[in-house]
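Trainee: Have a look at this one.
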Amino acid sequence: MDLASNLGGKIDKQEVLSAVEQYEKYHVFHGGQEEERKANYTDMVNKYYDLATSFYEFGWGESFHFAPRWKGEDLRESIKRHEHFLAVQLGLKPGQKVLDVGCGIGGPLREISRFSFTSITGLNNNEYQISRGKELNRITGVDKTCDFVKADFMKMPFPDNSFDAVYAIEATCHAPDAYGCYKEIYRVLKPGQCFAAYEWCMTDSFDPSNQEHQKIKAEIEIGDGLPDIRLTTKCLEALKQAGFEVIWEKDLAVDSPLPWYLPLDTSHFSLSSFRLTAVGRFFTKNMVKALEFIGLAPKGSLRVQDFLEKAAEGLVEGGKREIFTPLYFFLARKPDSNSD
């Protein structure tokens with residue numbers, strides 16, 4: 001019932017269907033254009049997360065991201081390890097002040113804070129996700145050391161050189177311009193300190209002239225609130241243009257013993273992540289259909305389920321063809337002041 005009561009986030013329940021229709025119009029399958037998505041990214045991404053967050057939390061838990069996975073490791077274990085890896089790469093130390101850019105409802109923020117004994121600020125422009133994150137921080141007891149700020153990561157409300165470390169987990173892919181986003185991160189990071197991220201990217205195997213490749217890309221964009229999916233090389237260029245020294249970078253999907261898209265693959269069944277399997281998603285779809293029919297879920301909820309299903313299909317196909325990765329990792333350093 002939590003799923004039904006929270007569907008639509010902060011959108012008035014009577015306005016959910018209208019919001020779904022407006023969101024869909026931004027995307028290729030409904031005649032939308034990339035430039036329009038970039039120009040209206042704040043509205044598009046906010047609508048997406050108001051509409052999709054409850055589904056994410058219901059199916060995925062508190063951390064809305066993928067992870068490389070070892071044999072014998074379940075999804076939740078791989079997600080935690082992926083978050084710990086980021087903390088280790090950043091060299092986080094107790095008492096440091098850290099920024100999570102595009103923090104969702106704060107699952108990684110809470111895990112990394114407890115793992116590293118750091119104080120983490122979660123930056124998010126979605127009011128519903130922040131309210132949910134604050135509630136979960138209070139429940140887990142990290143509300144004294146971790147907080148949230150509602151703001152656009154293209155225009156952060158922090159002074160220069162504010163943070164000891166910055167990270168982003170599958171979040172800055174929502175930015176209309178990678179350089180502009182990385183430049184803001186560079187500004188608020190202290191000199192000599194590091195920024196690490198996992199980015200959603202098209203790989204070098206992506207062929208823009210291949211219509212099937214473009215269809216897969218469009219499915220991921222509508223299902224995940226993205227203005228455009230950049231190539232890994234474009235992210236790297238934007239980092240350097242913003243002033244960062246790139247310490248190392250790699251698509252972590254390449255050496256993953258189990259494919260990152262396994263939880264969404266309809267040929268895979270797992271009791272530990274049942275809600276993400278074909279049977280679990282079929283169950284969820286019919287439950288949402290019934291809840292919408294009897295009026296417990298707002299009209300338009302099933303449409304959200306449909307575009308999330310389209311995203312799952314695109315993600316799996318993009319992963320199998322190796323044209324898309326959600327695991328492009330980089331560790332970059334802001335030079336010391338005297339070396340600028």
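Chain labels run A, B, ... following the order of the structure tokens; each chain numbers its residues from 1, and ligands are numbered from 1 in the order shown.
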Just the residues within 9 Å of segment 181-185 of chain A, please, counting only C-alpha atoms, with nothing from its chain fewer than 2 positions along; format it as a PyMOL selection string.
Mentor: chain A and resi 101+153-156+166+172+175-179+187-189+195+238-239+241-244
Trainee: Could you give me, as a Markdown table, every segment 198-229 of chain A residue with an atom at most 12 Å from segment 57-77 of chain A, plus its closest atom pair and distance in Å to one decimal, counting only C-alpha atoms, rows ordered by chain then number?
Mentor:
```
| residue | atom | partner | partner_atom | distance |
| --- | --- | --- | --- | --- |
| A:Tyr198 | CA | A:His65 | CA | 9.3 |
| A:Glu199 | CA | A:His65 | CA | 10.4 |
| A:Trp200 | CA | A:Phe66 | CA | 10.1 |
| A:Asp224 | CA | A:Phe64 | CA | 11.1 |
```
Trainee: Can you spit out the residues from that selection as a PDB file, in the first residue's frame, using N, CA and C atoms?
Mentor:
```pdb
ATOM      1  N   TYR A 198      30.018   7.494 -11.186  1.00  0.00           N
ATOM      2  CA  TYR A 198      29.569   6.462 -12.109  1.00  0.00           C
ATOM      3  C   TYR A 198      28.622   7.156 -13.077  1.00  0.00           C
ATOM      4  N   GLU A 199      28.898   7.069 -14.361  1.00  0.00           N
ATOM      5  CA  GLU A 199      28.085   7.739 -15.381  1.00  0.00           C
ATOM      6  C   GLU A 199      27.367   6.736 -16.282  1.00  0.00           C
ATOM      7  N   TRP A 200      26.170   7.118 -16.710  1.00  0.00           N
ATOM      8  CA  TRP A 200      25.457   6.380 -17.757  1.00  0.00           C
ATOM      9  C   TRP A 200      25.958   6.914 -19.097  1.00  0.00           C
ATOM     10  N   ASP A 224      14.166   6.757 -18.148  1.00  0.00           N
ATOM     11  CA  ASP A 224      15.049   7.169 -17.057  1.00  0.00           C
ATOM     12  C   ASP A 224      15.235   8.682 -16.944  1.00  0.00           C
TER      13      ASP A 224
END
```
Trainee: Could you give me, as a list of chain:residue names, the residues within 10 Å of Ser113 of chain A, counting only C-alpha atoms and dropping anything in the same chain fewer than 5 positions from it?
Mentor: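 Listed by chain and then number, they are A:His84, A:Ala87, A:Leu92, A:Pro94, A:Gly95, A:Gln96, A:Val98, A:Pro108, A:Thr118, A:Ser119, A:Ile120, A:Thr121, A:Val142, A:Thr145, A:Cys146.
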Trainee: Would you work out the distance separating atom CA of Glu35 of chain A from atom CA of Ala332 of chain A, expressed in Å to one decimal?
Mentor: 28.6 Å
Trainee: With only C-alpha atoms as the atoms that count, which of A:Leu308, A:Lys190, A:Thr284, A:Lys320 lies nearest to Leu258 of chain A?
Mentor: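 Looking at the shortest contact to Leu258 of chain A, the residue is A:Lys320.
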Trainee: Report, in Å with one decimal, the straight-line distance from atom CA of Ile229 of chain A to atom CA of Phe324 of chain A.
Mentor: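 Taking atom CA of Ile229 of chain A as the start and atom CA of Phe324 of chain A as the end point, the length is 9.0 Å.
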Trainee: I'd like the neighbourhood of Cys201 of chain A as a short mmCIF file (atom, residue, chain, number, x, y, z; two decimals) with N, CA and C atoms, in the first residue's frame, where a residue qualifies if any of its atoms comes within 9 Å (using only C-alpha atoms), though same-chain residues fewer than 5 positions away should be ignored.
Mentor:
```
data_model
loop_
_atom_site.label_atom_id
_atom_site.label_comp_id
_atom_site.auth_asym_id
_atom_site.auth_seq_id
_atom_site.Cartn_x
_atom_site.Cartn_y
_atom_site.Cartn_z
N CYS A 173 24.15 12.20 -15.39
CA CYS A 173 23.63 11.90 -16.73
C CYS A 173 22.37 12.71 -17.02
N ILE A 229 22.03 10.77 -23.86
CA ILE A 229 23.05 9.91 -23.24
C ILE A 229 24.36 10.14 -23.98
N ARG A 230 25.35 10.61 -23.24
CA ARG A 230 26.64 10.96 -23.84
C ARG A 230 27.54 9.75 -24.03
N LEU A 231 28.48 9.88 -24.93
CA LEU A 231 29.54 8.88 -25.09
C LEU A 231 30.52 9.00 -23.92
N THR A 232 31.17 7.90 -23.55
CA THR A 232 32.18 7.94 -22.49
C THR A 232 33.27 8.96 -22.82
N CYS A 235 32.28 12.51 -21.83
CA CYS A 235 32.40 12.77 -20.39
C CYS A 235 33.85 13.08 -20.03
N ILE A 323 26.46 -1.51 -26.13
CA ILE A 323 26.45 -0.14 -26.66
C ILE A 323 26.15 0.88 -25.56
N PHE A 324 25.75 0.38 -24.38
CA PHE A 324 25.41 1.25 -23.25
C PHE A 324 26.01 0.69 -21.98
N THR A 325 26.45 1.61 -21.10
CA THR A 325 26.93 1.21 -19.77
C THR A 325 26.45 2.20 -18.71
N PRO A 326 26.04 1.71 -17.53
CA PRO A 326 25.75 2.61 -16.40
C PRO A 326 26.94 2.64 -15.44
N LEU A 327 28.05 2.01 -15.86
CA LEU A 327 29.17 1.79 -14.95
C LEU A 327 30.47 2.45 -15.42
N TYR A 328 30.34 3.56 -16.16
CA TYR A 328 31.57 4.26 -16.55
C TYR A 328 32.07 5.03 -15.34
#
```
Trainee: Among segment 12-206 of chain A, which ones does DSSP place in strand (DSSP E), written as a JSON list (two decimals) with C-alpha atoms, in the first residue's frame?
Mentor:
```json
[["chain", "number", "residue", "atom", "x", "y", "z"],
["A", 97, "LYS", "CA", 32.66, 17.11, 4.47],
["A", 98, "VAL", "CA", 31.38, 15.33, 1.34],
["A", 99, "LEU", "CA", 28.87, 16.22, -1.39],
["A", 100, "ASP", "CA", 26.60, 13.67, -3.09],
["A", 101, "VAL", "CA", 25.47, 15.22, -6.38],
["A", 119, "SER", "CA", 29.33, 14.11, 6.97],
["A", 120, "ILE", "CA", 27.51, 14.05, 3.64],
["A", 121, "THR", "CA", 25.28, 16.65, 2.03],
["A", 122, "GLY", "CA", 22.89, 15.29, -0.56],
["A", 123, "LEU", "CA", 22.08, 17.67, -3.42],
["A", 124, "ASN", "CA", 18.75, 17.06, -5.12],
["A", 147, "ASP", "CA", 21.51, 16.49, 5.32],
["A", 148, "PHE", "CA", 19.88, 17.46, 2.04],
["A", 149, "VAL", "CA", 19.87, 20.65, 0.01],
["A", 150, "LYS", "CA", 17.26, 21.29, -2.68],
["A", 163, "PHE", "CA", 33.90, 20.14, 0.12],
["A", 164, "ASP", "CA", 36.66, 17.63, 0.87],
["A", 165, "ALA", "CA", 35.25, 15.22, -1.73],
["A", 166, "VAL", "CA", 32.41, 15.03, -4.24],
["A", 167, "TYR", "CA", 30.78, 12.02, -5.83],
["A", 168, "ALA", "CA", 27.88, 11.31, -8.19],
["A", 169, "ILE", "CA", 26.24, 7.92, -8.71],
["A", 189, "LEU", "CA", 35.49, 21.11, -4.43],
["A", 190, "LYS", "CA", 38.57, 22.08, -2.40],
["A", 191, "PRO", "CA", 41.88, 22.27, -4.32],
["A", 192, "GLY", "CA", 43.84, 19.03, -4.27],
["A", 193, "GLN", "CA", 40.71, 16.96, -3.59],
["A", 194, "CYS", "CA", 38.85, 14.42, -5.73],
["A", 195, "PHE", "CA", 35.59, 13.90, -7.59],
["A", 196, "ALA", "CA", 34.47, 10.36, -8.45],
["A", 197, "ALA", "CA", 31.43, 9.23, -10.40],
["A", 198, "TYR", "CA", 29.57, 6.46, -12.11],
["A", 199, "GLU", "CA", 28.09, 7.74, -15.38],
["A", 200, "TRP", "CA", 25.46, 6.38, -17.76],
["A", 201, "CYS", "CA", 27.03, 6.45, -21.22],
["A", 202, "MET", "CA", 26.87, 5.10, -24.72]]
```
Trainee: Between A:Ala311, A:Gly91, A:Asn161, A:Leu86, which one has atoms that come closest to Leu109 of chain A, using only C-alpha atoms?
Mentor: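 Using only C-alpha atoms, the shortest distance to Leu109 of chain A belongs to A:Leu86.
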Trainee: Would you mind writing down, as a PyMOL selection string, each residue of segment 57-282 of chain A that DSSP on the backbone assigns to alpha helix (DSSP H)?
Mentor: chain A and resi 57-60+75-90+107-116+127-140+178-188+211-224+232-242+278-282
Trainee: For atom CA of Gly141 of chain A and atom CA of Phe117 of chain A, quote the distance in Å rounded to one decimal.
Mentor: 12.8 Å
Trainee: Nearest residue to Ser301 of chain A out of A:Glu34, A:Asp50, A:Asp43, A:Asp152, using only C-alpha atoms?
Mentor: A:Asp50
Trainee: With distances taken over only C-alpha atoms, which of A:Gln33, A:Gln14, A:Asn210, A:Asn126 is nearest to Ala52 of chain A?
Mentor: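 Smallest distance to Ala52 of chain A is found for A:Asn126.
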Trainee: Would you mind listing what lies within 12 Å of Asn40 of chain A as an mmCIF file with N, CA, C and O atoms, in the first residue's frame, with only C-alpha atoms counted and same-chain residues fewer than 2 positions away left out?
Mentor:
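Wrote it out as part.cif, contents follow:
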```cif
data_model
loop_
_atom_site.group_PDB
_atom_site.id
_atom_site.type_symbol
_atom_site.label_atom_id
_atom_site.label_comp_id
_atom_site.auth_asym_id
_atom_site.auth_seq_id
_atom_site.Cartn_x
_atom_site.Cartn_y
_atom_site.Cartn_z
ATOM 1 N N GLN A 22 2.631 15.125 -20.098
ATOM 2 C CA GLN A 22 3.608 16.191 -20.344
ATOM 3 C C GLN A 22 5.021 15.616 -20.399
ATOM 4 O O GLN A 22 5.831 16.004 -21.247
ATOM 5 N N TYR A 23 5.325 14.690 -19.481
ATOM 6 C CA TYR A 23 6.649 14.073 -19.460
ATOM 7 C C TYR A 23 6.909 13.305 -20.754
ATOM 8 O O TYR A 23 7.977 13.430 -21.370
ATOM 9 N N LYS A 25 5.785 13.715 -23.672
ATOM 10 C CA LYS A 25 5.934 14.581 -24.856
ATOM 11 C C LYS A 25 7.365 15.081 -25.052
ATOM 12 O O LYS A 25 7.729 15.516 -26.135
ATOM 13 N N TYR A 26 8.183 15.006 -24.012
ATOM 14 C CA TYR A 26 9.588 15.429 -24.145
ATOM 15 C C TYR A 26 10.405 14.429 -24.969
ATOM 16 O O TYR A 26 11.482 14.759 -25.445
ATOM 17 N N HIS A 27 9.899 13.210 -25.130
ATOM 18 C CA HIS A 27 10.732 12.123 -25.643
ATOM 19 C C HIS A 27 10.416 11.705 -27.073
ATOM 20 O O HIS A 27 9.337 11.943 -27.596
ATOM 21 N N GLY A 32 9.163 14.201 -29.184
ATOM 22 C CA GLY A 32 10.025 15.165 -28.500
ATOM 23 C C GLY A 32 11.404 15.252 -29.129
ATOM 24 O O GLY A 32 11.850 14.346 -29.837
ATOM 25 N N GLN A 33 12.102 16.369 -28.842
ATOM 26 C CA GLN A 33 13.430 16.618 -29.404
ATOM 27 C C GLN A 33 14.462 16.764 -28.288
ATOM 28 O O GLN A 33 14.153 17.237 -27.194
ATOM 29 N N GLU A 34 15.695 16.389 -28.597
ATOM 30 C CA GLU A 34 16.779 16.474 -27.616
ATOM 31 C C GLU A 34 16.951 17.893 -27.076
ATOM 32 O O GLU A 34 17.108 18.092 -25.870
ATOM 33 N N GLU A 35 16.925 18.881 -27.955
ATOM 34 C CA GLU A 35 17.137 20.268 -27.511
ATOM 35 C C GLU A 35 16.043 20.738 -26.564
ATOM 36 O O GLU A 35 16.306 21.491 -25.617
ATOM 37 N N GLU A 36 14.818 20.278 -26.791
ATOM 38 C CA GLU A 36 13.715 20.644 -25.891
ATOM 39 C C GLU A 36 13.918 19.998 -24.526
ATOM 40 O O GLU A 36 13.674 20.624 -23.488
ATOM 41 N N ARG A 37 14.395 18.748 -24.518
ATOM 42 C CA ARG A 37 14.664 18.073 -23.241
ATOM 43 C C ARG A 37 15.763 18.803 -22.476
ATOM 44 O O ARG A 37 15.678 18.965 -21.262
ATOM 45 N N LYS A 38 16.789 19.227 -23.178
ATOM 46 C CA LYS A 38 17.902 19.938 -22.515
ATOM 47 C C LYS A 38 17.446 21.292 -21.984
ATOM 48 O O LYS A 38 17.831 21.697 -20.885
ATOM 49 N N THR A 42 15.011 20.652 -16.017
ATOM 50 C CA THR A 42 14.559 20.717 -14.618
ATOM 51 C C THR A 42 13.139 20.191 -14.493
ATOM 52 O O THR A 42 12.837 19.349 -13.629
ATOM 53 N N ASP A 43 12.251 20.666 -15.359
ATOM 54 C CA ASP A 43 10.859 20.212 -15.325
ATOM 55 C C ASP A 43 10.778 18.728 -15.671
ATOM 56 O O ASP A 43 10.072 17.960 -15.006
ATOM 57 N N MET A 44 11.503 18.313 -16.708
ATOM 58 C CA MET A 44 11.438 16.926 -17.158
ATOM 59 C C MET A 44 11.927 15.967 -16.071
ATOM 60 O O MET A 44 11.261 14.977 -15.746
ATOM 61 N N VAL A 45 13.090 16.261 -15.481
ATOM 62 C CA VAL A 45 13.667 15.365 -14.481
ATOM 63 C C VAL A 45 12.826 15.363 -13.206
ATOM 64 O O VAL A 45 12.623 14.312 -12.581
ATOM 65 N N ASN A 46 12.300 16.519 -12.808
ATOM 66 C CA ASN A 46 11.435 16.569 -11.624
ATOM 67 C C ASN A 46 10.176 15.746 -11.811
ATOM 68 O O ASN A 46 9.764 15.002 -10.909
ATOM 69 N N LYS A 47 9.553 15.887 -12.978
ATOM 70 C CA LYS A 47 8.350 15.090 -13.254
ATOM 71 C C LYS A 47 8.700 13.599 -13.220
ATOM 72 O O LYS A 47 7.959 12.782 -12.659
ATOM 73 N N HIS A 174 21.725 13.231 -15.959
ATOM 74 C CA HIS A 174 20.526 14.066 -16.130
ATOM 75 C C HIS A 174 20.874 15.504 -16.528
ATOM 76 O O HIS A 174 19.988 16.269 -16.898
ATOM 77 N N ALA A 175 22.145 15.864 -16.418
ATOM 78 C CA ALA A 175 22.569 17.232 -16.744
ATOM 79 C C ALA A 175 22.438 17.494 -18.241
ATOM 80 O O ALA A 175 22.798 16.635 -19.055
ATOM 81 N N PRO A 176 21.955 18.669 -18.620
ATOM 82 C CA PRO A 176 21.839 18.977 -20.043
ATOM 83 C C PRO A 176 23.200 19.209 -20.700
ATOM 84 O O PRO A 176 23.334 19.136 -21.913
ATOM 85 N N GLY A 225 14.394 9.446 -17.642
ATOM 86 C CA GLY A 225 14.412 10.902 -17.475
ATOM 87 C C GLY A 225 15.669 11.583 -17.956
ATOM 88 O O GLY A 225 16.154 12.510 -17.314
ATOM 89 N N LEU A 226 16.205 11.131 -19.101
ATOM 90 C CA LEU A 226 17.478 11.667 -19.588
ATOM 91 C C LEU A 226 17.293 12.564 -20.810
ATOM 92 O O LEU A 226 16.596 12.193 -21.751
ATOM 93 N N PRO A 227 17.951 13.737 -20.824
ATOM 94 C CA PRO A 227 17.873 14.610 -22.001
ATOM 95 C C PRO A 227 18.629 14.033 -23.183
ATOM 96 O O PRO A 227 18.226 14.162 -24.338
#
```
Trainee: Taking only C-alpha atoms into account, name the residue in A:Ile222, A:Leu136, A:Ala151, A:Leu252 that is nearest to Arg303 of chain A.
Mentor: A:Ile222
